[in-house]
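Notes follow once the structure below has been shown.
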There are 2 protein chains.
Amino acid sequence: MLTSEAILERLKKLTIPGTSTNLVQKGLITSTSVEGGEITLSVASCAMPSPVLNSLERDIKIGLGAIPGVSKVRINQVDCTPSELNRIKNVIAVMSGKGGVGKSTVSSLIAISLKRQGFTVGILDADITGPSIPKLFGLTGKPLGNEKGIMPVASRTGIDVMSMNLILNNDTDAVIWRGPLIAKAIGQFWTDVLWGELDYLIVDLPPGTSDAALTTMQQITLTGVVMVTTPQELAALIVRKAIDMTVKMNARLIGVVENMAYFPNPATGEPIEIFGPSKAKHLAGEFGLPLLAQIPVDPRIAVLCDAGEIEEYNSDIVSGLGIEVIRLLEEPRPVGSSR
Amino acid sequence: MLTSEAILERLKKLTIPGTSTNLVQKGLITSTSVEGGEITLSVASCAMPSPVLNSLERDIKIGLGAIPGVSKVRINQVDCTPSELNRIKNVIAVMSGKGGVGKSTVSSLIAISLKRQGFTVGILDADITGPSIPKLFGLTGKPLGNEKGIMPVASRTGIDVMSMNLILNNDTDAVIWRGPLIAKAIGQFWTDVLWGELDYLIVDLPPGTSDAALTTMQQITLTGVVMVTTPQELAALIVRKAIDMTVKMNARLIGVVENMAYFPNPATGEPIEIFGPSKAKHLAGEFGLPLLAQIPVDPRIAVLCDAGEIEEYNSDIVSGLGIEVIRLLEEPRPVGSSR
């Protein structure tokens with residue numbers, strides 16, 4: 001017998017034109033019913049321009065019509081906003097306070113690590129004036145969209161990305177905006193982007209404890225915050241400010257990642273502390289936080305990032321990163337603690 | 001005969017209590033007159049709390065009274081704002097767009113280099129949420145001030161610094177402010193700080209092209225902008241945005257500094273391109289800008305920065321930096337060009 005489940009399974013195979021995702025993951029099939037050989041579907045038109053929607057309706061009719069016993073496929077378009085369709089289970093902000101410590105690299109590596117574990121993952125690039133994520137993933141396509149919403153752009157391995165640099169005509173154009181506009185853009189990346197069903201949304205925050213961080217913590221329900229630092233005491237000073245903000249905003253701190261922790265001597269492999277001795281263990285200990293990972297300076301990362309191929313990067317540290325985040329999120333949050 | 005000039009020379013020797021500077025450099029002596037053996041001075045009370053002012057008046061009376069032929073010293077206090085007293089010849093913003101490329105380090109090295117050449121130099125730390133300058137210079141003192149203005153804190157070698165971290169009770173407190181407050185703070189660092197007479201004021205900008213950069217370019221008359229980058233193409237992408245903003249705001253671009261350009265192999269001294277091959281020459285060429293300097297990763301810098309002793313740093317690159325900035329500023333700005 002023809003069931004709604006079987007129909008949804010079939011629909012999952014249909015890719016939305018111009019994306020690597022399907023209607024079901026995006027939550028765009030809002031209802032299905034079967035009566036005799038007649039299928040009636042409600043499809044949300046959200047974030048899909050008319051030509052895409054028309055082409056998709058043809059694909060649906062052909063795809064479902066080919067199932068034995070199906071005599072008719074009826075499609076009703078319904079109006080929905082992305083907020084009504086999004087089902088995001090965990091939102092992890094990657095923060096530092098300090099610039100250039102590798103927040104975007106760490107955000108990407110966490111996303112890649114979780115994706116390799118089979119989860120559905122998105123990255124919201126909250127750095128409106130200095131967005132890095134599209135460059136790291138080599139994304140150049142423009143997002144689909146209509147007046148109801150905007151579709152994220154999928155990476156080669158299927159990580160959904162939304163970033164200011166996907167919207168700009170020219171990715172070197174400056175976004176000369178004051179705070180209220182920055183805050184509005186981040187709000188829209190959360191409410192007006194059709195993320196669909198995601199296990200993990202990673203929010204890559206810009207440096208500072210001003211509008212971007214404030215809006216993210218006020219408007220987005222964060223599961224937790226990963227704090228990124230480098231060995232320099234100077235970085236740790238600013239990271240302490242970011243931790244202070246996170247505590248004051250009552251968000252949960254998952255742990256600390258130390259990036260550029262050391263550089264392995266090319267001859268001997270021995271770690272050279274090019275940015276001074278590591279302070280991450282001390283910093284994490286000071287706030288009772290786990291040290292999630294210490295990532296060395298690896299010229300391969302720089303090369304892959306510049307080539308837009310960060311998804312090609314392999315290392316034990318990366319493999320472990322996602323698992324470690326999941327493990328820590330499953331630990332009960334201490335009563336009375338803001339961590 | 002007793003002249004105003006001789007009096008000013010004498011007054012230059014009197015240090016303002018709690019600072020390493022004098023009344024004349026700060027522009028606080030607004031008039032002097034000599035009649036017979038009687039000296040009359042007008043002293044602006046700006047930025048000096050009453051006890052400091054009282055102690056200073058005693059010092060002035062004792063100091064000038066000891067000059068042969070002086071029978072009386074009269075002091076009138078006058079009301080002035082710092083804006084009325086400041087005489088700043090050149091304002092150089094250090095910008096990148098990208099975080100963590102070493103804007104604060106480069107700002108400091110330019111300031112140190114100019115100071116060593118005998119110029120009076122100040123640093124305005126425009127990074128309100130992530131200020132680094134006090135840490136680099138090991139500054140922990142609180143600035144003097146009254147309702148009229150605030151006095152910068154001098155470094156060991158006499159570089160005047162104003163930074164949010166000098167004002168906070170605790171230097172790890174987060175400044176959780178939205179853009180308008182950030183802009184206001186930068187405006188106040190410009191108008192309400194008694195910089196006095198400076199040859200060069202270096203403005204250390206935070207990452208991004210939002211409130212801080214916008215306020216700096218709109219409210220402060222910049223002599224020029226030094227752009228900082230690193231070898232990563234990712235950094236260059238964001239630096240291009242900062243250049244785009246600078247051009248759009250019609251500020252003058254002085255040149256490009258590439259920080260962390262390479263790491264000298266500890267065994268052979270050969271440069272290892274730990275962040276990938278240099279792109280600064282290409283970037284500078286693209287915009288017709290001079291390449292001011294390529295600064296290697298030097299663990300000594302990291303150690304000195306963390307110890308608050310950046311002024312101890314010596315290298316050929318640093319010595320040349322200030323001279324190069326001066327030389328480029330003296331070049332005529334091409335007609336019809338915004339650089």
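Ordering of the structure tokens sets the chain letters (A, B, ...); residue numbers start at 1 within each chain; ligands are numbered from 1 in the order shown.
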
Would you mind listing, for every residue of chain B within 8 Å of chain A, the two atoms forming the shortest contact and the distance between them in Å to one decimal, using only C-alpha atoms, sorted by chain and ascending residue number, as a tab-separated table?
residue	atom	partner	partner_atom	distance
B:Gly97	CA	A:Gly130	CA	6.5
B:Lys98	CA	A:Gly130	CA	6.3
B:Gly99	CA	A:Gly99	CA	3.6
B:Gly100	CA	A:Gly100	CA	3.5
B:Val101	CA	A:Gly100	CA	6.2
B:Thr129	CA	A:Gly208	CA	5.2
B:Gly130	CA	A:Ile238	CA	5.6
B:Pro131	CA	A:Ile238	CA	7.6
B:Ser132	CA	A:Leu234	CA	6.7
B:Lys135	CA	A:Leu234	CA	6.8
B:Leu136	CA	A:Leu234	CA	7.7
B:Asp171	CA	A:Leu237	CA	7.7
B:Thr172	CA	A:Lys241	CA	4.9
B:Asp173	CA	A:Lys241	CA	5.3
B:Ala174	CA	A:Lys241	CA	4.3
B:Val175	CA	A:Thr209	CA	6.3
B:Ile176	CA	A:Thr209	CA	5.3
B:Trp177	CA	A:Ser210	CA	5.0
B:Arg178	CA	A:Asp211	CA	4.8
B:Gly179	CA	A:Gly179	CA	4.5
B:Pro180	CA	A:Gly179	CA	7.2
B:Pro207	CA	A:Gly99	CA	7.0
B:Gly208	CA	A:Thr129	CA	5.2
B:Thr209	CA	A:Ile176	CA	5.3
B:Ser210	CA	A:Trp177	CA	5.0
B:Asp211	CA	A:Arg178	CA	4.8
B:Leu214	CA	A:Ile176	CA	7.2
B:Gln232	CA	A:Ala302	CA	6.7
B:Glu233	CA	A:Asp306	CA	5.4
B:Leu234	CA	A:Asp306	CA	6.0
B:Leu237	CA	A:Thr172	CA	6.1
B:Ile238	CA	A:Gly130	CA	5.6
B:Arg240	CA	A:Thr172	CA	5.5
B:Lys241	CA	A:Ala174	CA	4.3
B:Ala242	CA	A:Ala174	CA	6.4
B:Asp244	CA	A:Ala174	CA	5.8
B:Met245	CA	A:Ala174	CA	5.6
B:Glu273	CA	A:Pro299	CA	7.5
B:Ile274	CA	A:Pro299	CA	5.1
B:Phe275	CA	A:Ala302	CA	5.5
B:Gly276	CA	A:Ala302	CA	6.0
B:Val297	CA	A:Ile274	CA	7.2
B:Asp298	CA	A:Ile274	CA	7.1
B:Pro299	CA	A:Ile274	CA	5.1
B:Ala302	CA	A:Phe275	CA	5.5
B:Val303	CA	A:Gly276	CA	6.1
B:Cys305	CA	A:Leu234	CA	7.4
B:Asp306	CA	A:Glu233	CA	5.4

Pull N, CA and C atoms from the residues just selected and write them as a short mmCIF file (atom, residue, chain, number, x, y, z; two decimals), in the first residue's frame.
data_model
loop_
_atom_site.label_atom_id
_atom_site.label_comp_id
_atom_site.auth_asym_id
_atom_site.auth_seq_id
_atom_site.Cartn_x
_atom_site.Cartn_y
_atom_site.Cartn_z
N GLY B 97 40.72 45.20 8.29
CA GLY B 97 39.46 44.52 8.00
C GLY B 97 39.45 43.17 8.68
N LYS B 98 40.56 42.44 8.51
CA LYS B 98 40.72 41.09 9.08
C LYS B 98 41.24 41.19 10.51
N GLY B 99 40.78 40.30 11.35
CA GLY B 99 41.28 40.25 12.72
C GLY B 99 42.56 39.44 12.83
N GLY B 100 43.32 39.70 13.89
CA GLY B 100 44.45 38.85 14.24
C GLY B 100 45.61 38.86 13.26
N VAL B 101 45.64 39.84 12.37
CA VAL B 101 46.78 39.91 11.45
C VAL B 101 47.94 40.66 12.09
N THR B 129 36.13 46.75 22.03
CA THR B 129 35.76 45.46 22.65
C THR B 129 36.94 44.49 22.77
N GLY B 130 38.01 44.73 22.02
CA GLY B 130 39.16 43.83 22.10
C GLY B 130 40.47 44.60 22.13
N PRO B 131 40.64 45.50 23.10
CA PRO B 131 41.83 46.36 23.10
C PRO B 131 43.10 45.61 23.48
N SER B 132 44.16 45.82 22.72
CA SER B 132 45.42 45.10 22.94
C SER B 132 46.55 45.99 23.39
N LYS B 135 48.21 46.00 26.98
CA LYS B 135 48.91 44.74 27.25
C LYS B 135 50.30 44.74 26.60
N LEU B 136 50.38 45.17 25.36
CA LEU B 136 51.67 45.16 24.65
C LEU B 136 52.70 46.06 25.33
N ASP B 171 40.61 44.28 33.43
CA ASP B 171 40.90 44.28 31.99
C ASP B 171 40.35 43.07 31.24
N THR B 172 39.72 42.13 31.97
CA THR B 172 39.06 41.02 31.26
C THR B 172 37.54 41.21 31.21
N ASP B 173 37.04 42.35 31.72
CA ASP B 173 35.61 42.63 31.62
C ASP B 173 35.23 42.81 30.15
N ALA B 174 34.12 42.19 29.78
CA ALA B 174 33.62 42.38 28.41
C ALA B 174 32.93 43.73 28.30
N VAL B 175 33.16 44.39 27.16
CA VAL B 175 32.41 45.61 26.85
C VAL B 175 31.29 45.18 25.89
N ILE B 176 30.11 44.93 26.47
CA ILE B 176 29.00 44.37 25.68
C ILE B 176 28.15 45.55 25.19
N TRP B 177 28.65 46.21 24.19
CA TRP B 177 28.02 47.44 23.68
C TRP B 177 27.66 47.25 22.22
N ARG B 178 26.55 47.90 21.84
CA ARG B 178 26.22 47.96 20.42
C ARG B 178 26.96 49.13 19.77
N GLY B 179 26.88 49.18 18.45
CA GLY B 179 27.64 50.14 17.64
C GLY B 179 27.62 51.59 18.08
N PRO B 180 26.44 52.16 18.40
CA PRO B 180 26.43 53.60 18.72
C PRO B 180 27.33 53.93 19.92
N PRO B 207 39.05 44.91 13.77
CA PRO B 207 38.65 44.30 12.49
C PRO B 207 37.30 44.84 12.03
N GLY B 208 37.02 44.68 10.76
CA GLY B 208 35.69 45.02 10.25
C GLY B 208 35.64 46.38 9.58
N THR B 209 34.52 46.62 8.92
CA THR B 209 34.32 47.89 8.23
C THR B 209 33.03 48.51 8.75
N SER B 210 32.76 48.31 10.03
CA SER B 210 31.52 48.80 10.63
C SER B 210 31.79 50.04 11.48
N ASP B 211 31.13 50.15 12.62
CA ASP B 211 31.12 51.40 13.39
C ASP B 211 32.50 52.00 13.68
N LEU B 214 34.17 53.30 10.51
CA LEU B 214 33.33 54.36 9.95
C LEU B 214 33.45 55.64 10.77
N GLN B 232 48.00 34.77 4.01
CA GLN B 232 46.85 33.97 3.58
C GLN B 232 45.96 34.74 2.62
N GLU B 233 45.55 34.07 1.56
CA GLU B 233 44.65 34.63 0.56
C GLU B 233 43.35 35.07 1.24
N LEU B 234 42.97 34.30 2.26
CA LEU B 234 41.77 34.61 3.05
C LEU B 234 41.88 35.99 3.68
N LEU B 237 41.61 38.69 1.02
CA LEU B 237 40.21 38.90 0.60
C LEU B 237 39.55 39.97 1.47
N ILE B 238 39.76 39.86 2.79
CA ILE B 238 39.12 40.79 3.71
C ILE B 238 39.84 42.15 3.67
N ARG B 240 41.09 43.45 1.07
CA ARG B 240 40.55 44.14 -0.11
C ARG B 240 39.28 44.91 0.24
N LYS B 241 38.49 44.36 1.14
CA LYS B 241 37.27 45.06 1.59
C LYS B 241 37.66 46.35 2.33
N ALA B 242 38.69 46.24 3.17
CA ALA B 242 39.13 47.41 3.93
C ALA B 242 39.69 48.48 2.98
N ASP B 244 38.77 48.81 -0.13
CA ASP B 244 37.56 49.31 -0.81
C ASP B 244 36.90 50.40 0.05
N MET B 245 36.78 50.14 1.35
CA MET B 245 36.17 51.13 2.25
C MET B 245 36.99 52.42 2.28
N GLU B 273 57.33 29.21 4.76
CA GLU B 273 56.06 29.92 4.54
C GLU B 273 54.93 29.21 5.28
N ILE B 274 54.88 29.43 6.60
CA ILE B 274 53.93 28.65 7.40
C ILE B 274 52.48 29.02 7.12
N PHE B 275 52.23 30.20 6.62
CA PHE B 275 50.86 30.56 6.26
C PHE B 275 50.69 30.64 4.74
N GLY B 276 51.53 29.89 4.04
CA GLY B 276 51.43 29.88 2.58
C GLY B 276 52.30 30.96 1.98
N VAL B 297 57.35 35.99 11.39
CA VAL B 297 56.93 35.48 12.70
C VAL B 297 58.19 35.39 13.54
N ASP B 298 58.21 36.11 14.62
CA ASP B 298 59.39 36.13 15.49
C ASP B 298 58.92 35.85 16.91
N PRO B 299 59.25 34.65 17.43
CA PRO B 299 58.79 34.31 18.79
C PRO B 299 59.17 35.38 19.81
N ALA B 302 56.27 37.74 20.20
CA ALA B 302 55.19 37.16 21.01
C ALA B 302 55.54 37.26 22.50
N VAL B 303 56.78 36.90 22.82
CA VAL B 303 57.19 36.90 24.23
C VAL B 303 57.18 38.33 24.79
N CYS B 305 55.49 40.92 23.67
CA CYS B 305 54.11 41.40 23.73
C CYS B 305 53.43 40.88 24.99
N ASP B 306 53.59 39.59 25.24
CA ASP B 306 52.94 39.00 26.40
C ASP B 306 53.50 39.57 27.70
#

Find the residues near Val91 (chain A): any atom within 7 Å, counting only C-alpha atoms, skip ones fewer than 5 places away on the same chain, and give them as a PDB file with N, CA and C atoms, in the first residue's frame.
ATOM      1  N   TYR A 200      23.030  20.149  13.360  1.00  0.00           N
ATOM      2  CA  TYR A 200      23.911  21.159  13.948  1.00  0.00           C
ATOM      3  C   TYR A 200      24.020  22.390  13.051  1.00  0.00           C
ATOM      4  N   LEU A 201      23.772  23.536  13.632  1.00  0.00           N
ATOM      5  CA  LEU A 201      24.071  24.791  12.942  1.00  0.00           C
ATOM      6  C   LEU A 201      25.234  25.454  13.693  1.00  0.00           C
ATOM      7  N   ILE A 202      26.317  25.698  12.958  1.00  0.00           N
ATOM      8  CA  ILE A 202      27.495  26.335  13.558  1.00  0.00           C
ATOM      9  C   ILE A 202      27.433  27.825  13.220  1.00  0.00           C
ATOM     10  N   LEU A 222      21.073  29.411  21.616  1.00  0.00           N
ATOM     11  CA  LEU A 222      22.321  28.672  21.449  1.00  0.00           C
ATOM     12  C   LEU A 222      22.338  27.434  22.338  1.00  0.00           C
ATOM     13  N   THR A 223      22.786  26.315  21.758  1.00  0.00           N
ATOM     14  CA  THR A 223      23.020  25.125  22.578  1.00  0.00           C
ATOM     15  C   THR A 223      24.306  25.323  23.378  1.00  0.00           C
ATOM     16  N   GLY A 224      25.292  25.938  22.775  1.00  0.00           N
ATOM     17  CA  GLY A 224      26.545  26.160  23.472  1.00  0.00           C
ATOM     18  C   GLY A 224      27.505  27.007  22.663  1.00  0.00           C
TER      19      GLY A 224
END

Residues at most 8 Å from Asn86 (chain A), counting only C-alpha atoms, excluding those fewer than 5 positions away in the same chain, as a PyMOL selection string?
-> chain A and resi 26-27+194-198

For CA of Lys61 (chain B) and CA of Thr157 (chain B), the interatomic separation in Å (one decimal) | 28.0 Å

Kindly indicate which residue among A:Ser83, A:Ser50, A:Ile295, A:Thr40 lies nearest to Val318 (chain A), using only C-alpha atoms for the distances.
->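 Of the candidates, the smallest distance to Val318 (chain A) is held by A:Ile295.
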
Length of the CA of Asn146 (chain B) to CA of Pro49 (chain B) vector [Å] |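 Taking CA of Asn146 (chain B) as the start and CA of Pro49 (chain B) as the end point, the length is 5.2 Å.
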
Residue nearest Ser113 (chain A) - candidates A:Glu147, A:Glu84, A:Glu5, A:Glu324, atoms counted: only C-alpha atoms | A:Glu324

Provide the CA of Val43 (chain A) to CA of Thr30 (chain A) distance in Å, to one decimal place.
->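 According to the coordinates, CA of Val43 (chain A) and CA of Thr30 (chain A) are separated by 6.0 Å.
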